file target08.txt (compact mmCIF, C-alpha atoms)
# COMPACT_ATOMS: atom_id res chain seq x y z
CA MET A 28 -11.60 21.85 -0.20
CA ALA A 29 -7.87 21.43 -0.17
CA LEU A 30 -7.96 20.77 -3.93
CA LEU A 31 -9.87 23.99 -4.53
CA ASN A 32 -7.34 25.98 -2.53
CA ARG A 33 -4.44 24.48 -4.40
CA GLY A 34 -6.02 25.16 -7.78
CA PHE A 35 -7.13 28.70 -7.20
CA GLY A 36 -4.89 30.00 -4.46
CA LEU A 37 -7.70 31.59 -2.43
CA SER A 38 -10.04 30.32 0.23
CA LEU A 39 -13.40 29.39 -1.25
CA THR A 40 -14.95 27.97 1.91
CA HIS A 41 -17.32 30.92 2.27
CA LEU A 42 -18.60 30.32 -1.27
CA SER A 43 -19.36 26.65 -0.58
CA ASN A 44 -21.38 27.54 2.52
CA ALA A 45 -23.53 30.05 0.63
CA VAL A 46 -25.67 29.06 -2.38
CA ILE A 47 -23.36 28.02 -5.24
CA GLN A 48 -24.29 29.93 -8.35
CA ARG A 49 -21.30 29.01 -10.50
CA GLN A 50 -20.15 25.40 -11.02
CA PHE A 51 -16.42 24.68 -10.83
CA SER A 52 -15.42 21.50 -12.56
CA ILE A 53 -12.48 19.81 -10.93
CA THR A 54 -11.27 16.29 -11.47
CA GLY A 55 -11.75 14.06 -8.46
CA ALA A 56 -8.74 12.84 -6.49
CA CYS A 57 -8.46 9.10 -6.49
CA ARG A 58 -5.57 6.83 -7.22
CA ALA A 59 -7.57 4.22 -9.04
CA ILE A 60 -7.88 4.41 -12.84
CA GLN A 61 -10.23 6.94 -14.43
CA LYS A 62 -10.29 9.11 -17.56
CA LEU A 63 -6.91 10.57 -18.51
CA THR A 64 -4.84 8.43 -16.14
CA ARG A 65 -1.58 7.29 -17.65
CA VAL A 66 -1.27 3.53 -17.42
CA ARG A 67 1.48 0.99 -17.91
CA VAL A 68 0.89 -1.81 -20.39
CA VAL A 69 2.20 -4.98 -18.86
CA ASP A 70 2.01 -7.67 -21.55
CA ASN A 71 4.45 -8.30 -24.38
CA SER A 72 2.28 -7.00 -27.22
CA ALA A 73 3.90 -4.87 -29.92
CA LEU A 74 1.39 -2.05 -29.41
CA GLY A 75 2.14 -1.83 -25.72
CA ASN A 76 5.91 -2.03 -25.93
CA THR A 77 6.92 0.15 -28.89
CA PRO A 78 7.96 3.61 -27.70
CA TYR A 79 5.77 6.61 -28.54
CA HIS A 80 6.09 10.26 -27.57
CA ARG A 81 2.86 10.09 -25.49
CA PRO A 82 2.13 7.60 -22.71
CA PRO A 83 -0.99 5.38 -23.07
CA LYS A 84 -3.96 7.09 -21.39
CA CYS A 85 -7.37 5.88 -20.30
CA ILE A 86 -10.23 7.59 -22.12
CA HIS A 87 -13.24 5.66 -20.83
CA VAL A 88 -14.01 3.27 -17.99
CA TYR A 89 -16.72 0.62 -18.63
CA ASN A 90 -18.25 0.98 -15.21
CA LYS A 91 -21.27 2.63 -13.57
CA THR A 92 -18.88 4.93 -11.69
CA GLY A 93 -16.05 6.34 -13.76
CA VAL A 94 -13.49 4.76 -11.44
CA GLY A 95 -11.76 1.58 -12.55
CA LYS A 96 -10.48 -1.03 -10.12
CA VAL A 97 -8.86 -4.45 -10.70
CA GLY A 98 -10.92 -6.46 -13.18
CA ASP A 99 -12.59 -3.51 -14.91
CA LYS A 100 -12.38 -2.94 -18.66
CA ILE A 101 -11.25 0.46 -19.95
CA LEU A 102 -10.66 2.15 -23.30
CA LEU A 103 -7.07 3.16 -23.90
CA ALA A 104 -5.58 5.66 -26.35
CA ILE A 105 -2.23 4.19 -27.50
CA LYS A 106 -0.16 5.39 -30.45
CA GLY A 107 -3.09 7.32 -31.89
CA GLU A 108 -5.49 4.36 -31.78
CA LYS A 109 -8.21 3.21 -29.37
CA LYS A 110 -7.82 -0.18 -27.71
CA LYS A 111 -9.67 -1.92 -24.92
CA ALA A 112 -7.72 -3.04 -21.87
CA LEU A 113 -8.19 -4.83 -18.55
CA ILE A 114 -6.94 -3.34 -15.27
CA VAL A 115 -4.70 -5.78 -13.40
CA GLY A 116 -3.36 -3.56 -10.64
CA HIS A 117 -3.49 0.00 -9.41
CA LYS A 118 -1.71 2.31 -6.96
CA MET A 119 -4.80 2.76 -4.80
CA PRO A 120 -4.86 0.62 -1.65
CA GLY A 121 -7.76 -1.83 -1.83
CA PRO A 122 -9.26 -4.19 0.78
CA ASN A 123 -6.82 -5.73 3.25
CA MET A 124 -4.99 -8.86 2.12
CA THR A 125 -5.07 -7.66 -1.52
CA PRO A 126 -1.88 -6.42 -3.19
CA ARG A 127 -1.27 -2.77 -4.02
CA PHE A 128 1.06 -2.14 -6.94
CA ASP A 129 3.48 0.72 -7.46
CA SER A 130 2.12 1.44 -10.95
CA ASN A 131 -1.26 1.26 -12.70
CA ASN A 132 -0.99 -1.95 -14.71
CA VAL A 133 -3.14 -2.83 -17.68
CA VAL A 134 -3.36 -5.72 -20.21
CA LEU A 135 -4.48 -4.98 -23.80
CA ILE A 136 -7.47 -6.99 -25.04
CA GLU A 137 -9.66 -7.18 -28.13
CA ASP A 138 -13.39 -6.42 -28.06
CA SER A 139 -14.06 -10.14 -27.71
CA GLY A 140 -11.92 -10.32 -24.56
CA ASN A 141 -8.90 -12.13 -26.05
CA PRO A 142 -5.54 -10.71 -24.96
CA ILE A 143 -3.28 -9.32 -27.68
CA GLY A 144 0.02 -10.24 -26.01
CA THR A 145 1.27 -13.76 -25.32
CA ARG A 146 2.95 -13.39 -21.94
CA ILE A 147 2.51 -11.35 -18.76
CA LYS A 148 5.64 -11.18 -16.61
CA THR A 149 4.47 -8.82 -13.87
CA PRO A 150 2.54 -10.32 -10.94
CA ILE A 151 -1.28 -10.43 -11.19
CA PRO A 152 -3.56 -10.44 -8.13
CA TYR A 153 -5.31 -13.72 -7.29
CA THR A 154 -8.68 -11.91 -7.08
CA LEU A 155 -8.92 -11.97 -10.89
CA ARG A 156 -9.37 -15.75 -10.64
CA ARG A 157 -12.83 -15.22 -9.24
CA ARG A 158 -14.05 -14.30 -12.74
CA GLU A 159 -12.38 -17.33 -14.32
CA GLY A 160 -14.99 -17.49 -17.08
CA GLU A 161 -14.39 -14.01 -18.49
CA PHE A 162 -10.64 -13.80 -17.96
CA SER A 163 -9.54 -17.41 -18.54
CA LYS A 164 -7.35 -16.53 -21.53
CA ILE A 165 -5.65 -13.65 -19.70
CA LEU A 166 -5.05 -15.81 -16.62
CA ALA A 167 -3.61 -18.49 -18.89
CA ILE A 168 -0.88 -16.19 -20.19
CA ALA A 169 -0.05 -14.78 -16.73
CA ARG A 170 3.14 -16.12 -15.16
CA ASN A 171 3.25 -14.85 -11.57
CA PHE A 172 0.38 -14.42 -9.16
CA VAL A 173 0.48 -12.39 -5.94
CA ARG B 1293 30.27 -38.75 57.27
CA VAL B 1294 29.94 -41.54 59.85
CA SER B 1295 29.81 -44.96 58.13
CA SER B 1296 26.95 -47.24 59.15
CA ASP B 1297 28.82 -50.60 58.90
CA GLY B 1298 32.45 -49.61 59.08
CA LYS B 1299 32.61 -49.86 55.26
CA PRO B 1300 33.51 -46.71 53.29
CA PRO B 1301 30.41 -44.49 52.78
CA LYS B 1302 28.40 -44.93 49.58
CA PHE B 1303 29.51 -42.58 46.86
CA GLN B 1304 27.24 -39.59 46.77
CA PRO B 1305 27.57 -37.80 43.47
CA PRO B 1306 27.89 -34.02 43.84
CA PRO B 1307 24.59 -32.11 43.42
CA LYS B 1308 23.98 -31.05 39.81
CA PRO B 1309 24.55 -27.30 39.34
CA VAL B 1310 21.33 -25.34 38.81
CA ILE B 1311 21.91 -22.99 35.89
CA ILE B 1312 19.75 -19.89 36.17
CA ASP B 1313 19.92 -18.31 32.70
CA ARG B 1314 19.18 -14.71 33.61
CA LYS B 1315 19.25 -13.64 29.95
CA THR B 1316 16.28 -15.86 28.94
CA GLN B 1317 14.35 -14.74 32.00
CA LYS B 1318 14.75 -11.15 30.91
CA GLU B 1319 13.69 -12.09 27.33
CA GLU B 1320 10.18 -13.18 28.42
CA MET B 1321 9.39 -9.76 29.75
CA ARG B 1322 11.06 -7.84 26.98
CA PHE B 1323 8.84 -7.74 23.91
CA LEU B 1324 5.24 -6.55 24.09
CA SER B 1325 3.49 -6.38 20.70
CA PRO B 1326 2.46 -2.75 20.06
CA GLU B 1327 -1.19 -3.60 19.28
CA PHE B 1328 -1.79 -4.57 22.94
CA ILE B 1329 -1.16 -1.04 24.19
CA PRO B 1330 -4.53 0.77 24.11
CA PRO B 1331 -4.59 4.15 22.34
CA ARG B 1332 -4.93 7.31 24.39
CA GLY B 1333 -8.60 8.22 24.74
CA ARG B 1334 -11.72 8.15 26.85
CA THR B 1335 -12.99 4.70 25.81
CA THR B 1336 -13.90 2.34 28.67
CA PRO B 1337 -10.99 0.03 29.48
CA LEU B 1338 -13.50 -2.88 29.40
CA LYS B 1339 -13.49 -2.79 25.60
CA TYR B 1340 -9.71 -3.20 25.45
CA TYR B 1341 -9.80 -5.91 28.12
CA ILE B 1342 -12.29 -7.98 26.10
CA GLU B 1343 -10.28 -7.41 22.92
CA ARG B 1344 -7.11 -8.52 24.65
CA LYS B 1345 -8.80 -11.73 25.79
CA ASP B 1346 -9.75 -12.49 22.20
CA MET B 1347 -6.23 -11.66 21.01
CA ILE B 1348 -4.73 -14.02 23.60
CA GLN B 1349 -7.17 -16.77 22.54
CA ARG B 1350 -5.99 -16.41 18.95
CA ARG B 1351 -2.33 -16.39 20.01
CA LYS B 1352 -2.80 -19.65 21.90
CA VAL B 1353 -3.98 -21.33 18.73
CA PHE B 1354 -1.67 -19.62 16.26
CA ASN B 1355 1.87 -18.44 16.93
CA ILE B 1356 2.45 -14.76 16.09
CA PRO B 1357 6.22 -14.26 16.37
CA GLU B 1358 8.00 -11.18 17.61
CA PHE B 1359 8.77 -8.92 14.67
CA TYR B 1360 9.62 -5.28 14.08
CA VAL B 1361 9.37 -2.77 11.27
CA GLY B 1362 12.27 -3.44 8.93
CA ASP B 1363 12.51 -7.18 9.10
CA VAL B 1364 11.76 -9.72 6.39
CA LEU B 1365 8.67 -11.89 6.87
CA ALA B 1366 7.07 -14.71 4.90
CA VAL B 1367 3.28 -14.95 5.27
CA THR B 1368 1.17 -17.90 4.05
CA THR B 1369 -2.53 -17.08 3.69
CA ALA B 1370 -5.50 -19.23 2.78
CA ASN B 1371 -6.64 -18.22 -0.69
CA PRO B 1372 -9.55 -19.96 -2.44
CA TYR B 1373 -8.24 -18.81 -5.83
CA ALA B 1374 -4.69 -20.09 -5.47
CA SER B 1375 -3.34 -23.53 -6.37
CA ASP B 1376 -3.08 -25.60 -3.15
CA LYS B 1377 -5.54 -23.09 -1.68
CA SER B 1378 -2.68 -21.15 0.01
CA SER B 1379 -0.37 -18.39 -1.19
CA ARG B 1380 2.97 -17.25 0.21
CA PHE B 1381 4.32 -13.69 0.17
CA VAL B 1382 7.78 -12.59 1.30
CA GLY B 1383 8.53 -8.96 2.05
CA ILE B 1384 9.98 -6.35 4.35
CA CYS B 1385 7.61 -4.98 7.00
CA ILE B 1386 7.31 -1.25 6.36
CA GLN B 1387 4.55 -0.33 8.80
CA ARG B 1388 2.67 -1.74 11.78
CA GLY B 1389 -0.65 -0.05 12.38
CA GLY B 1390 -3.92 -0.48 14.20
CA LYS B 1391 -4.64 -1.51 17.78
CA GLY B 1392 -6.39 -4.55 19.16
CA LEU B 1393 -7.82 -7.18 16.80
CA GLY B 1394 -7.57 -4.87 13.78
CA ALA B 1395 -3.79 -4.66 13.98
CA THR B 1396 -2.18 -4.69 10.52
CA PHE B 1397 1.28 -4.83 9.03
CA VAL B 1398 2.32 -3.94 5.50
CA LEU B 1399 4.86 -6.10 3.63
CA ARG B 1400 6.67 -4.76 0.59
CA ASN B 1401 8.67 -6.56 -2.09
CA VAL B 1402 9.74 -5.92 -5.65
CA ILE B 1403 8.81 -8.86 -7.93
CA GLU B 1404 9.85 -8.75 -11.62
CA ASP B 1405 10.57 -4.99 -11.37
CA GLN B 1406 7.10 -4.32 -9.98
CA GLY B 1407 6.78 -3.05 -6.41
CA VAL B 1408 4.00 -4.88 -4.54
CA GLU B 1409 2.70 -4.09 -1.06
CA ILE B 1410 0.18 -6.16 0.88
CA CYS B 1411 -1.48 -5.03 4.12
CA TYR B 1412 -2.15 -8.10 6.29
CA GLU B 1413 -4.35 -8.25 9.37
CA LEU B 1414 -2.41 -9.95 12.20
CA TYR B 1415 -5.44 -11.66 13.75
CA SER B 1416 -7.19 -12.64 10.55
CA PRO B 1417 -8.18 -16.35 10.48
CA ARG B 1418 -7.06 -16.49 6.84
CA ILE B 1419 -3.40 -16.27 7.84
CA GLN B 1420 -1.93 -19.76 8.13
CA ALA B 1421 1.71 -19.01 9.03
CA ILE B 1422 3.96 -16.04 9.75
CA GLU B 1423 7.70 -16.74 9.53
CA VAL B 1424 10.38 -14.27 10.41
CA LEU B 1425 13.16 -14.80 7.85
CA LYS B 1426 15.43 -12.01 9.11
CA LEU B 1427 14.80 -10.22 12.40
CA GLU B 1428 16.23 -6.72 12.52
CA LYS B 1429 15.21 -3.19 13.36
CA ARG B 1430 15.83 -0.05 11.33
CA LEU B 1431 16.46 3.54 12.31
CA ASP B 1432 12.78 4.50 11.73
CA GLU B 1433 9.40 3.17 12.83
CA ASN B 1434 7.86 3.73 9.41
CA LEU B 1435 9.59 2.74 6.18
CA MET B 1436 7.08 4.21 3.71
CA TYR B 1437 9.98 6.07 2.09
CA LEU B 1438 11.08 2.78 0.53
CA ARG B 1439 8.47 3.49 -2.17
CA ASP B 1440 10.61 6.39 -3.35
CA ALA B 1441 13.93 4.68 -2.76
CA LEU B 1442 15.88 2.73 -5.36
CA PRO B 1443 14.21 -0.67 -5.90
CA GLU B 1444 17.29 -2.59 -4.71
CA TYR B 1445 16.41 -1.67 -1.10
CA SER B 1446 13.00 -3.34 -1.35
CA THR B 1447 13.93 -6.48 -3.29
CA PHE B 1448 14.07 -9.68 -1.28
CA ASP B 1449 14.46 -13.17 -2.64
CA VAL B 1450 11.18 -15.10 -2.45
CA ASN B 1451 13.03 -18.31 -1.61
CA MET B 1452 15.41 -16.85 0.95
CA LYS B 1453 16.33 -19.07 3.88
CA PRO B 1454 15.61 -17.85 7.42
CA VAL B 1455 18.69 -16.25 8.96
CA PRO B 1456 19.60 -18.23 12.13
CA ARG B 1457 19.75 -16.24 15.35
CA MET B 1458 20.27 -16.96 19.04
CA ASP B 1459 17.32 -16.30 21.33
CA HIS B 1460 19.04 -14.13 23.88
CA GLU B 1461 20.85 -11.83 21.45
CA GLU B 1462 19.76 -8.22 21.15
CA VAL B 1463 17.75 -7.43 18.04
CA PRO B 1464 20.30 -5.95 15.59
CA VAL B 1465 19.68 -2.44 14.26
CA ASN B 1466 20.40 -2.03 10.55
CA LYS B 1467 21.83 1.47 10.20
CA VAL B 1468 21.64 1.51 6.41
CA GLN B 1469 21.16 4.93 4.80
CA VAL B 1470 18.90 4.40 1.82
CA ARG B 1471 19.50 6.20 -1.49
CA MET B 1472 16.45 7.73 -3.12
CA LYS B 1473 15.16 8.07 -6.66
CA PRO B 1474 15.20 11.63 -8.00
CA LYS B 1475 12.45 13.90 -6.71
CA PRO B 1476 9.37 14.22 -6.83
CA TRP B 1477 8.65 11.78 -4.02
CA SER B 1478 5.24 10.70 -2.73
CA LYS B 1479 5.86 12.68 0.46
CA ARG B 1480 8.48 15.33 1.26
CA TRP B 1481 10.60 13.03 3.38
CA GLU B 1482 13.23 15.69 4.08
CA ARG B 1483 10.74 17.64 6.24
CA PRO B 1484 11.26 17.40 10.03
CA LYS B 1485 7.69 16.15 10.70
CA TYR B 1486 8.62 12.70 9.36
CA ASN B 1487 11.89 12.72 11.31
CA ILE B 1488 13.55 10.14 9.09
CA LYS B 1489 17.03 8.99 9.97
CA GLY B 1490 17.40 6.23 7.41
CA ILE B 1491 17.69 8.23 4.17
CA LYS B 1492 20.92 9.53 2.67
CA PHE B 1493 19.66 12.91 1.47
CA GLU B 1494 21.67 14.01 -1.55
CA LEU B 1495 19.79 17.30 -1.77
CA PRO B 1496 21.65 20.66 -1.85
CA GLU B 1497 22.21 22.38 1.51
CA HIS B 1498 19.77 25.25 0.84
CA LYS B 1499 16.91 22.75 0.21
CA MET B 1500 17.62 20.94 3.48
CA GLN B 1501 17.60 24.24 5.36
CA ALA B 1502 14.41 25.36 3.59
CA ALA B 1503 12.76 22.13 4.79
CA GLN B 1504 13.57 23.06 8.40
CA LYS B 1505 11.14 25.99 8.01
CA TRP B 1506 8.35 23.46 8.72
CA SER B 1507 9.90 22.22 11.95
CA GLN B 1508 7.77 22.47 15.07
CA PRO B 1509 10.32 22.42 17.92
CA TRP B 1510 7.62 23.10 20.55
CA LEU B 1511 5.94 19.73 19.88
CA GLU B 1512 8.31 17.68 22.04
CA PHE B 1513 7.53 19.90 25.05
CA ASP B 1514 3.74 19.75 24.59
CA MET B 1515 2.50 18.14 27.80
CA LEU B 1516 -1.00 17.43 26.49
CA ARG B 1517 0.48 15.07 23.88
CA GLU B 1518 2.39 13.03 26.44
CA TYR B 1519 1.31 9.41 26.78
CA ASP B 1520 3.28 7.47 29.34
CA THR B 1521 2.66 3.79 28.69
CA SER B 1522 5.04 2.25 31.25
CA LYS B 1523 2.39 1.45 33.91
CA ILE B 1524 -0.16 0.30 31.34
CA GLU B 1525 2.50 -1.90 29.75
CA GLU B 1526 3.38 -3.54 33.06
CA LYS B 1527 -0.27 -4.37 33.76
CA ILE B 1528 -0.73 -5.81 30.29
CA ARG B 1529 2.46 -7.86 30.55
CA LYS B 1530 1.28 -9.38 33.83
CA GLU B 1531 -2.09 -10.16 32.28
CA LEU B 1532 -0.45 -11.75 29.24
CA SER B 1533 1.96 -13.89 31.24
CA GLU B 1534 -0.89 -15.13 33.47
CA GLU B 1535 -3.19 -15.94 30.55
CA LEU B 1536 -0.55 -17.63 28.42
CA GLU B 1537 0.49 -19.93 31.28
CA LYS B 1538 -3.03 -21.30 31.66

call {"tool": "encode", "arguments": {"input": "target08.txt", "output": "structure tokens"}}
result
Amino acid sequence: MALLNRGFGLSLTHLSNAVIQRQFSITGACRAIQKLTRVRVVDNSALGNTPYHRPPKCIHVYNKTGVGKVGDKILLAIKGEKKKALIVGHKMPGPNMTPRFDSNNVVLIEDSGNPIGTRIKTPIPYTLRRREGEFSKILAIARNFV
Amino acid sequence: RVSSDGKPPKFQPPPKPVIIDRKTQKEEMRFLSPEFIPPRGRTTPLKYYIERKDMIQRRKVFNIPEFYVGDVLAVTTANPYASDKSSRFVGICIQRGGKGLGATFVLRNVIEDQGVEICYELYSPRIQAIEVLKLEKRLDENLMYLRDALPEYSTFDVNMKPVPRMDHEEVPVNKVQVRMKPKPWSKRWERPKYNIKGIKFELPEHKMQAAQKWSQPWLEFDMLREYDTSKIEEKIRKELSEELEK
């Protein structure tokens, strides 16, 4: 409701109570990673580190819900090309005892799951270790764990 | 003294002086962890009494030190996915929330230019050790504004040594005024509802005065919001001291 008010500047509460005839499409508010979120590429690949006039954005989340959390694969639009990536940290607070990062971090990967970069300096949450089989190569290039 | 045999009386050493250290006696009664104080509401006190018993049981087994918002802690947790099965995190405590067994505290640190915050549960059995590396208070109870401050104010060395301190000293208050990154911030910290004393606002005068438009000066006189905890605190302190002596 607050989102609606901010977007349209008038109170729409009476409309929501009555039968809704027109559909308003508004993006949901969540601080995890979904379509069109700008992300920060955290490995040392050339694609992730060369400057470009547009930040890398998520265009698809490979998930039943469209919301990506740590360990989900997403499709990124970087420098005019599409690349898959793995989420390694987001701004949304998760379960207690898990770290919450100040930026949405992402590691570029190929379709096979192999990382493109060779080193990851930023800290990676330990929870990724649970899926050691899928992410073994990414965990191998990670330096710090939180 | 009258001698028994006519010989000089046996040397009686003077009685040893009994030193009553009034400062340490005061210290025992001084700090009560905020999660013991029940929130204001109509819940039966029995629930809080049972929770307190469980909290005291945990404290007998595991030492939870006295700490405040603004001091640097090192927490070791049991982690099945870490090498040696335990992981250590050092950070500044920015918030203490929750009451009873669900009490939490958030630690923040900047590692390799990446700000990381972890919310730990005080009474979780996964926590293996809590060490206070530097005990100090700040001007505010909630340091969430450190997210929008320059990263130098949240960086703490992971291998820092604990700062030595005497037991009876007062907890020092760090009156640092933190410098912020340029706006926009995650919250409008200049507004009076947050009542933050620890930021050096470098905003123009007209913006600071415009922020005062949202002040609610009647709030401090609202009698329905008053919650006097002094009597409750005394009862809980007595309970604690009795239980911990057993």

call {"tool": "interface_residues", "arguments": {"input": "target08.txt", "of": "chain A", "to": "chain B", "cutoff": "6 Å", "atoms": "only C-alpha atoms", "output": "MDAnalysis selection string"}}
result
chainID A and resid 123:129 149 156

call {"tool": "residues_around", "arguments": {"input": "target08.txt", "residues": "Lys1527 (chain B)", "least_positions_apart": "6", "cutoff": "12 Å", "atoms": "all atoms listed in the file", "output": "list in words"}}
result
Met1321, Leu1324, Phe1328, Ile1329, Pro1330, Tyr1341, Thr1521, Ser1533 and Glu1534 of chain B

call {"tool": "atom_distance", "arguments": {"input": "target08.txt", "atom1": "CA of Phe1448 (chain B)", "atom2": "CA of Ile147 (chain A)"}}
result
21.0 Å

call {"tool": "atom_distance", "arguments": {"input": "target08.txt", "atom1": "CA of Arg1334 (chain B)", "atom2": "CA of Met1515 (chain B)"}}
result
17.4 Å

call {"tool": "closest_residue", "arguments": {"input": "target08.txt", "among": "B:Arg1344, B:Lys1426, B:Arg1350, B:Lys1453", "to": "Arg1529 (chain B)", "atoms": "only C-alpha atoms"}}
result
B:Arg1344

call {"tool": "closest_residue", "arguments": {"input": "target08.txt", "among": "A:Asn71, A:Gly98, A:Lys110, A:Asn132", "to": "Thr154 (chain A)", "atoms": "only C-alpha atoms"}}
result
A:Gly98

call {"tool": "residues_near_point", "arguments": {"input": "target08.txt", "point": "(5.1, -18.1, -17.0)", "cutoff": "10 Å", "atoms": "only C-alpha atoms", "output": "compact mmCIF listing (two decimals) with C-alpha atoms, in the coordinates of the input"}}
result
# COMPACT_ATOMS: atom_id res chain seq x y z
CA ARG A 146 2.95 -13.39 -21.94
CA ILE A 147 2.51 -11.35 -18.76
CA LYS A 148 5.64 -11.18 -16.61
CA THR A 149 4.47 -8.82 -13.87
CA ALA A 167 -3.61 -18.49 -18.89
CA ILE A 168 -0.88 -16.19 -20.19
CA ALA A 169 -0.05 -14.78 -16.73
CA ARG A 170 3.14 -16.12 -15.16
CA ASN A 171 3.25 -14.85 -11.57
CA PHE A 172 0.38 -14.42 -9.16

call {"tool": "closest_residue", "arguments": {"input": "target08.txt", "among": "B:Pro1443, B:Pro1496, B:Gly1298, B:Pro1326", "to": "Met1472 (chain B)", "atoms": "only C-alpha atoms"}}
result
B:Pro1443

call {"tool": "residues_around", "arguments": {"input": "target08.txt", "residues": "Glu1518 (chain B)", "least_positions_apart": "5", "cutoff": "10 Å", "atoms": "only C-alpha atoms", "output": "list of chain:residue names"}}
result
B:Arg1332, B:Glu1512, B:Phe1513

call {"tool": "closest_residue", "arguments": {"input": "target08.txt", "among": "B:Tyr1340, B:Ala1370, B:Phe1359, B:Pro1417", "to": "Gly1392 (chain B)", "atoms": "only C-alpha atoms"}}
result
B:Tyr1340

call {"tool": "residues_around", "arguments": {"input": "target08.txt", "residues": "Ile101 (chain A)", "least_positions_apart": "5", "cutoff": "9 Å", "atoms": "all atoms listed in the file", "output": "PyMOL selection string"}}
result
chain A and resi 60-61+85-90+95+110-114

call {"tool": "atom_distance", "arguments": {"input": "target08.txt", "atom1": "CA of Leu1425 (chain B)", "atom2": "CA of Ala1366 (chain B)"}}
result
6.8 Å

call {"tool": "residues_around", "arguments": {"input": "target08.txt", "residues": "region 1384-1390 of chain B", "least_positions_apart": "4", "cutoff": "8 Å", "atoms": "only C-alpha atoms", "output": "ChimeraX atom specification"}}
result
/B:1327,1360-1365,1394-1401,1433-1436,1446,1448

call {"tool": "residues_around", "arguments": {"input": "target08.txt", "residues": "Glu161 (chain A)", "least_positions_apart": "4", "cutoff": "12 Å", "atoms": "all atoms listed in the file", "output": "list in words"}}
result
Gly98, Asp99, Lys100, Leu113, Ile136, Ser139, Gly140, Asn141, Pro142, Leu155, Arg156, Arg157, Ile165, Leu166 and Ala167 of chain A

call {"tool": "residues_near_point", "arguments": {"input": "target08.txt", "point": "(-2.6, -4.0, -25.6)", "cutoff": "6 Å", "atoms": "all atoms listed in the file", "output": "PDB file with C-alpha atoms, in the coordinates of the input"}}
result
ATOM      1  CA  SER A  72       2.280  -7.000 -27.220  1.00  0.00           C
ATOM      2  CA  LEU A  74       1.390  -2.050 -29.410  1.00  0.00           C
ATOM      3  CA  GLY A  75       2.140  -1.830 -25.720  1.00  0.00           C
ATOM      4  CA  VAL A 134      -3.360  -5.720 -20.210  1.00  0.00           C
ATOM      5  CA  LEU A 135      -4.480  -4.980 -23.800  1.00  0.00           C
ATOM      6  CA  ILE A 136      -7.470  -6.990 -25.040  1.00  0.00           C
ATOM      7  CA  ILE A 143      -3.280  -9.320 -27.680  1.00  0.00           C
TER       8      ILE A 143
END

call {"tool": "axis_aligned_box", "arguments": {"input": "target08.txt", "around": "region 128-141 of chain A", "padding_each_side": "4 Å", "output": "AutoDock Vina command-line options"}}
result
--center_x -5.3 --center_y -5.3 --center_z -17.5 --size_x 25.5 --size_y 21.6 --size_z 29.2

call {"tool": "closest_residue", "arguments": {"input": "target08.txt", "among": "A:Leu103, A:Val133, A:Val97, A:Met119", "to": "Arg158 (chain A)", "atoms": "all atoms listed in the file"}}
result
A:Val97
